[in-house]
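Shown next, in structure tokens, is the structure this report addresses.
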Amino acid sequence: MRLLLISLQSNAYITGLKYIAANARAHGHNVRLLLLPGYLENKLSPAIEDFILDYSPDLIGVGLMSIEFYPAKNLTRLLKEKFNIPVIWGGVHVILNPEECLKYADYTCCADGERAVVSLLEHLRTKGRDIAPEIPNVWTRINGQISKQPIALPEKDLDSLPFQEYLPDYFYGFHKEGIYNFAQNQRLFRKYALYGGTCHMMLTTRGCPFKCAYCGNSAFMSIYGKNVRERSVANVIAELKEVKKNPYVLYINIQDDCFFAHNREWIKEFCREYKKHINLPFLVRVIPTMMDREKLFMLRGAGLSWIVMGIQSGSDRVNFEVYNRKIRFTSVEKAAGIIAETSAAPFYELIVDNPYETEDEKRETITAVSQLKRPYTASLAHLTFFPGTPLAERAVKDNIVSPDAYLYRYIVKIDKTYLNKLLDITPYIPKTLVKFLNKPEASRRITHQVLLNSLVPVIKRTIEPAVYFFITTRALDYNISWTIRTVRGGWRSAISRVIFNFLGKGDLKYDQKMEWARKNMPALFEN
Ligand code: B12
């Protein structure tokens, strides 16, 4: 059977779809991956139409996060107008809203997709579309009735799944009204891959030990249970040995919610094998209370170069009561101190625009962050109320946001408030200056405003990139060739981080695109 898997994401890191593709291929199916970055048009482009006609898939899968809901709804409508091919939706947003999504797709996948898709292909081959599949995780609508199948227990044995490739030769992308094979047009792939394709993004675990109220994981837990599933070191290294063959991969970006969920034995073995076979710089994410000095130093010795840690707020009340994140700021300070000892490059993440956070708590965050051991960089994210999360439910109930607010406001766009601007430059200005500027609205003068407004563009364009460059250089042990290649490879995101915050211009166009769609495709926004 032929399977076409489509992503509407703006960038080419599509881990979930790659996993599904690899598994379907291992079961003898023919698969193509297609990236349609942010596609939200009134008509199906002739290039996409020809590509589908030519490939003639038996099943089309669309993967979506919440922000891709309207693009997915629109694409599915366009596909349905032209083709009579069954469409299945899957991904985070579908897991959180399977019934709603079933209004638009023929099938929805409400949890892990690897085995579900293979079973559905088999079902379509042997039984056809008129019989509702009895496949765990796959829901459908037959004669107006929803056929809900049970959720399969999460895949425990992650090693039994074939791993994802860095750049599969069956990966295609839509660019300027044409479709190109990414493996044959690697420049184009790198244009769409985050950080210029300089890294391989992967997971060594699935799941998170925490249940933060704003995070998708808190909702997944009600489906998957509270467990972290881990791959074996041998399996991870086998994936990386393949990845390393591509000379453009300069580092490994491990996206596990908390890499430190692995025990010391696992980490010890990983460090030994990684150093021996892979020996590329790598990045991990850590949760402050799970910081472990011994693990961290072992990892640093194996090439750990960047460490991303979520702080979210400097106020314990906000972290405990609003975010259900039982992490005191003292733990953050302690963890940051240990990170500083290793000279790995620290990146801290903070959530802003929280209507449950008082002005005093916002100022407390600024003071707290200014106390962290420097140098480090920090990124701010707009608090987005993703559906299915406890915080979204609370905010909707409190009439603070509409249930679909997340569809219109892109996460990287933060409010341009005085305190946000100050927090944004806090890591790079003297503490005394932070203290001087960190005033409540009532006692702020025009001098505060003028000073802050003139500092922000200068700091963002000079000091922040300099700090970014310095911590990267130092983390790469002053290996200039590595630094230049890494910074060059990632310049687009590094610079755009400075100018446009995080993911770059393309993502910031999301709001404009949605506005355009509202005007020109009003039917899309009706139920
Ligand atoms: C790695 C990661 C990224 C990476 C790569 C994303 C990717 N597609 O692989 C990058 C950095 C690109 C990224 C970006 C963003 N991310 Co992100 N990301 C993650 C993270 C940490 C892991 C995702 C992952 O690889 N999971 C492992 C794979 C195997 O699981 P999966 O993707 O869910 O796929 C499985 C199933 O969902 C299903 N499935 C998936 N697709 C399909 C398709 C079909 C047809 C079928 C049948 C099944 C199916 O089968 C898969 C295999 O079992 C998650 C947190 C988490 N733990 O999930 C957040 C998460 C997915 N991200 C999130 C967000 C908000 C974002 C951003 C919007 C944030 C931002 N900075 O703006 C951007 C979106 C950018 C954009 N425009 O596209 C939220 C999504 C919430 C939501 N309701 O949508 C999550 C859940 C984190 C959170 N805090 O809540 N992210």
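In the structure tokens, the first chain shown is A, the next is B, and so on; residue numbers restart at 1 for each chain, and ligands run from 1 in the order shown.
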
- Message: Need the shell around A:Lys148: protein/DNA/RNA residues with any atom at most 12 Å away, counting only C-alpha atoms. Skip same-chain ones fewer than 6 positions apart. Format as an MDAnalysis selection string?
- Response: chainID A and resid 98:99 102 107:110 132:142

Write the residues you've just listed into a file as a PDB file, in the first residue's frame, and include C-alpha atoms for each of them.
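Just written: part37.pdb:
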ATOM      1  CA  PRO A  98     -10.242  13.346  18.597  1.00  0.00           C
ATOM      2  CA  GLU A  99     -13.982  13.888  18.276  1.00  0.00           C
ATOM      3  CA  LEU A 102     -13.309  13.642  13.204  1.00  0.00           C
ATOM      4  CA  TYR A 107     -10.092   8.719  10.659  1.00  0.00           C
ATOM      5  CA  THR A 108      -8.396  10.159  13.706  1.00  0.00           C
ATOM      6  CA  CYS A 109      -5.556   8.627  15.657  1.00  0.00           C
ATOM      7  CA  CYS A 110      -5.947   9.354  19.352  1.00  0.00           C
ATOM      8  CA  ALA A 132     -15.202   0.576  10.366  1.00  0.00           C
ATOM      9  CA  PRO A 133     -11.760  -0.558  11.443  1.00  0.00           C
ATOM     10  CA  GLU A 134     -11.462  -2.135  14.864  1.00  0.00           C
ATOM     11  CA  ILE A 135      -8.016  -0.833  15.507  1.00  0.00           C
ATOM     12  CA  PRO A 136      -6.900   0.560  18.864  1.00  0.00           C
ATOM     13  CA  ASN A 137      -6.376   4.359  18.709  1.00  0.00           C
ATOM     14  CA  VAL A 138      -8.249   4.729  15.397  1.00  0.00           C
ATOM     15  CA  TRP A 139     -11.663   6.388  15.425  1.00  0.00           C
ATOM     16  CA  THR A 140     -13.939   6.873  12.472  1.00  0.00           C
ATOM     17  CA  ARG A 141     -17.481   7.922  11.603  1.00  0.00           C
ATOM     18  CA  ILE A 142     -19.752   5.330  10.051  1.00  0.00           C
TER      19      ILE A 142
END

Sorted by chain and rising residue number, list the residues of chain A at most 7 Å from ligand 1 (counting only C-alpha atoms and all ligand atoms), each with its closest atom pair and distance in Å to one decimal, as a tab-separated table.
residue	atom	partner	partner_atom_place_in_ligand_line	distance
A:Leu5	CA	ligand 1	45 (C)	6.3
A:Gln9	CA	ligand 1	78 (O)	3.9
A:Ser10	CA	ligand 1	77 (N)	4.6
A:Asn11	CA	ligand 1	78 (O)	6.0
A:Tyr13	CA	ligand 1	5 (C)	5.1
A:Ile14	CA	ligand 1	9 (O)	3.9
A:Thr15	CA	ligand 1	9 (O)	3.8
A:Gly16	CA	ligand 1	34 (O)	3.6
A:Leu17	CA	ligand 1	41 (N)	5.2
A:Tyr19	CA	ligand 1	52 (C)	5.9
A:Ile20	CA	ligand 1	52 (C)	5.9
A:Gly61	CA	ligand 1	45 (C)	3.5
A:Val62	CA	ligand 1	45 (C)	4.4
A:Gly63	CA	ligand 1	43 (C)	3.6
A:Leu64	CA	ligand 1	41 (N)	6.2
A:Met65	CA	ligand 1	84 (O)	3.7
A:Ser66	CA	ligand 1	84 (O)	3.6
A:Ile67	CA	ligand 1	84 (O)	6.0
A:Ile88	CA	ligand 1	45 (C)	5.3
A:Trp89	CA	ligand 1	45 (C)	4.6
A:Gly90	CA	ligand 1	46 (C)	3.4
A:Gly91	CA	ligand 1	40 (C)	3.3
A:Val92	CA	ligand 1	37 (O)	4.8
A:His93	CA	ligand 1	83 (N)	5.1
A:Ile95	CA	ligand 1	37 (O)	6.7
A:Thr108	CA	ligand 1	47 (C)	6.7
A:Cys109	CA	ligand 1	47 (C)	4.9
A:Ala111	CA	ligand 1	36 (C)	5.5
A:Asp112	CA	ligand 1	53 (O)	3.3
A:Gly113	CA	ligand 1	50 (O)	3.4
A:Glu114	CA	ligand 1	53 (O)	5.3
A:Ala116	CA	ligand 1	47 (C)	6.9
A:Val117	CA	ligand 1	47 (C)	5.7
A:Met202	CA	ligand 1	25 (O)	6.9
A:Leu203	CA	ligand 1	25 (O)	6.6
A:Arg206	CA	ligand 1	27 (C)	6.3
A:Gly207	CA	ligand 1	57 (N)	5.7
A:Cys208	CA	ligand 1	57 (N)	6.8
A:Tyr214	CA	ligand 1	90 (O)	6.8
A:Cys215	CA	ligand 1	90 (O)	3.8
A:Gly216	CA	ligand 1	90 (O)	3.5
A:Asn217	CA	ligand 1	57 (N)	5.9
A:Gln255	CA	ligand 1	1 (C)	5.2
A:Asp256	CA	ligand 1	21 (C)	6.1
A:Asp257	CA	ligand 1	21 (C)	5.7
A:Phe386	CA	ligand 1	83 (N)	4.9
A:Pro387	CA	ligand 1	83 (N)	6.2
A:Tyr410	CA	ligand 1	72 (O)	6.7
A:Ile411	CA	ligand 1	72 (O)	4.9
A:Val412	CA	ligand 1	72 (O)	5.3
A:Phe502	CA	ligand 1	71 (N)	6.8
A:Leu503	CA	ligand 1	71 (N)	6.4
A:Asp507	CA	ligand 1	77 (N)	5.7

Write the residues of the preceding selection, restricted to C-alpha atoms, as a short mmCIF file (atom, residue, chain, number, x, y, z; two decimals), in the first residue's frame.
data_model
loop_
_atom_site.label_atom_id
_atom_site.label_comp_id
_atom_site.auth_asym_id
_atom_site.auth_seq_id
_atom_site.Cartn_x
_atom_site.Cartn_y
_atom_site.Cartn_z
CA LEU A 5 2.23 11.60 5.28
CA GLN A 9 4.55 22.61 10.15
CA SER A 10 6.75 25.51 9.16
CA ASN A 11 9.92 23.51 9.63
CA TYR A 13 11.69 18.49 11.93
CA ILE A 14 8.77 16.11 11.95
CA THR A 15 9.75 13.39 14.39
CA GLY A 16 6.31 11.77 14.83
CA LEU A 17 5.66 11.43 11.10
CA TYR A 19 8.52 7.38 13.09
CA ILE A 20 5.24 6.40 11.45
CA GLY A 61 -2.04 11.06 6.90
CA VAL A 62 -1.92 14.62 8.19
CA GLY A 63 0.01 15.38 11.39
CA LEU A 64 -0.91 18.43 13.46
CA MET A 65 -0.12 20.42 16.52
CA SER A 66 -2.88 22.76 17.69
CA ILE A 67 -1.64 25.75 15.73
CA ILE A 88 -6.34 10.19 8.73
CA TRP A 89 -5.34 12.94 11.14
CA GLY A 90 -2.95 12.39 14.02
CA GLY A 91 -0.60 14.28 16.32
CA VAL A 92 -0.82 16.27 19.51
CA HIS A 93 -3.94 18.26 18.62
CA ILE A 95 -4.88 13.32 20.75
CA THR A 108 -8.40 10.16 13.71
CA CYS A 109 -5.56 8.63 15.66
CA ALA A 111 -2.53 8.25 20.61
CA ASP A 112 0.73 6.71 19.28
CA GLY A 113 0.46 6.28 15.53
CA GLU A 114 3.06 3.74 14.40
CA ALA A 116 -2.31 2.19 14.22
CA VAL A 117 -1.32 3.35 10.74
CA MET A 202 15.59 13.10 18.41
CA LEU A 203 14.11 11.55 21.53
CA ARG A 206 8.68 9.54 25.55
CA GLY A 207 6.64 11.11 28.32
CA CYS A 208 7.44 13.49 31.14
CA TYR A 214 -0.04 24.57 30.60
CA CYS A 215 1.71 21.63 28.93
CA GLY A 216 0.30 19.05 26.55
CA ASN A 217 1.93 16.37 28.69
CA GLN A 255 14.30 16.89 22.77
CA ASP A 256 13.27 14.61 25.67
CA ASP A 257 11.16 16.57 28.12
CA PHE A 386 -3.66 24.88 24.55
CA PRO A 387 -6.88 22.90 24.57
CA TYR A 410 1.16 32.47 17.95
CA ILE A 411 3.24 31.41 20.93
CA VAL A 412 6.41 33.27 19.98
CA PHE A 502 12.57 32.29 18.44
CA LEU A 503 11.43 30.37 15.42
CA ASP A 507 6.30 31.55 12.10
#

Counting only C-alpha atoms, give me one row per residue of stretch 361-385 of chain A with an atom at most 9 Å from an atom of stretch 428-441 of chain A, showing the shortest contact pair and its distance in Å to one decimal, sorted by chain then residue number, as a tab-separated table.
residue	atom	partner	partner_atom	distance
A:Arg363	CA	A:Asn438	CA	6.3
A:Ile366	CA	A:Asn438	CA	7.4
A:Thr367	CA	A:Lys435	CA	7.3
A:Ser370	CA	A:Lys431	CA	6.2
A:Gln371	CA	A:Lys431	CA	7.8
A:Arg374	CA	A:Tyr428	CA	8.7
A:Pro375	CA	A:Tyr428	CA	8.1
A:Tyr376	CA	A:Tyr428	CA	8.5
A:Thr377	CA	A:Tyr428	CA	8.2

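Minimum distance to A:Met514 across A:Gly38, A:Pro346, A:Pro209, A:Gly196 (counting only C-alpha atoms) occurs at A:Gly38.
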
- What is the distance between atom CA of A:Ile400 and atom CA of A:Met521, in Å to one decimal?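 These atoms are spaced 27.5 Å apart.
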
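For stretch 298-340 of chain A, the set of residues given helix (DSSP H, G or I) by DSSP on the backbone reads Met298, Leu299, Arg300, Gly301, Asp316, Arg317, Val318, Asn319, Phe320, Glu321, Val322, Phe329, Thr330, Ser331, Val332, Glu333, Lys334, Ala335, Ala336, Gly337, Ile338, Ile339 and Ala340 of chain A.
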
- Message: Which residues are near stretch 303-306 of chain A? Cut-off 10 Å, only C-alpha atoms, ignore same chain within fewer than 3 positions. Put them as number ranges by chain.
- Response: A: 251-253, 271, 274-275, 278-285, 296-300, 309, 339, 342-347, 471-477

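The list of residues with at least one atom within 8 Å of stretch 381-385 of chain A, based on only C-alpha atoms and without residues fewer than 2 positions apart in the same chain, reads A:Tyr214, A:Glu349, A:Leu350, A:Ile351, A:Val352, A:Asp353, A:Asn354, A:Ser379, A:Pro387, A:Thr389, A:Leu391, A:Ala392, A:Ala395, A:Val401, A:Ala405, A:Tyr406, A:Arg409, A:Tyr410, A:Ile411, A:Val412, A:Lys413, A:Ile414, A:Asp415.
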
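Each of A:Met1, A:Thr417, A:Tyr408, A:Phe182 was compared to A:Ala517 using only C-alpha atoms, and A:Tyr408 turns out to be the nearest.
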
- Query: Pick from A:Leu161, A:Ile237, A:Ala21, A:Cys258: nearest to A:Arg272, with only C-alpha atoms counted?
  - Reply: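 Of A:Leu161, A:Ile237, A:Ala21, A:Cys258, the one nearest A:Arg272 is A:Ile237, counting only C-alpha atoms.
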
Name all residues at most 7 Å from stretch 453-466 of chain A (count only C-alpha atoms; drop same-chain ones fewer than 4 positions away) and give them as a PDB file with N, CA, C and O atoms, in the first residue's frame.
ATOM      1  N   LYS A 421       9.759  43.572  28.132  1.00  0.00           N
ATOM      2  CA  LYS A 421      10.988  44.087  27.499  1.00  0.00           C
ATOM      3  C   LYS A 421      12.152  44.012  28.485  1.00  0.00           C
ATOM      4  O   LYS A 421      13.264  43.614  28.141  1.00  0.00           O
ATOM      5  N   ILE A 425      15.812  41.581  28.400  1.00  0.00           N
ATOM      6  CA  ILE A 425      17.227  42.004  28.377  1.00  0.00           C
ATOM      7  C   ILE A 425      17.917  41.811  29.733  1.00  0.00           C
ATOM      8  O   ILE A 425      19.108  42.057  29.871  1.00  0.00           O
ATOM      9  N   TYR A 428      21.417  40.370  30.260  1.00  0.00           N
ATOM     10  CA  TYR A 428      22.553  41.019  29.607  1.00  0.00           C
ATOM     11  C   TYR A 428      22.887  42.397  30.149  1.00  0.00           C
ATOM     12  O   TYR A 428      23.759  43.078  29.624  1.00  0.00           O
ATOM     13  N   GLN A 449      11.025  54.642  30.967  1.00  0.00           N
ATOM     14  CA  GLN A 449      10.501  54.223  29.658  1.00  0.00           C
ATOM     15  C   GLN A 449      11.531  54.492  28.567  1.00  0.00           C
ATOM     16  O   GLN A 449      11.847  53.610  27.770  1.00  0.00           O
ATOM     17  N   PHE A 470      29.507  33.671  22.566  1.00  0.00           N
ATOM     18  CA  PHE A 470      30.506  33.330  23.575  1.00  0.00           C
ATOM     19  C   PHE A 470      30.174  32.004  24.264  1.00  0.00           C
ATOM     20  O   PHE A 470      31.034  31.127  24.386  1.00  0.00           O
ATOM     21  N   VAL A 498      17.263  36.689  17.776  1.00  0.00           N
ATOM     22  CA  VAL A 498      17.572  38.014  18.264  1.00  0.00           C
ATOM     23  C   VAL A 498      16.537  39.016  17.755  1.00  0.00           C
ATOM     24  O   VAL A 498      16.011  39.842  18.487  1.00  0.00           O
TER      25      VAL A 498
END

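Proximity ranking of A:Glu273, A:Tyr166, A:Arg518, A:Pro154 relative to A:Phe220 places A:Pro154 first, based on only C-alpha atoms.
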
- Expressed in Å, the length from atom CA of A:Gln312 to atom CA of A:Tyr192 is 28.4 Å
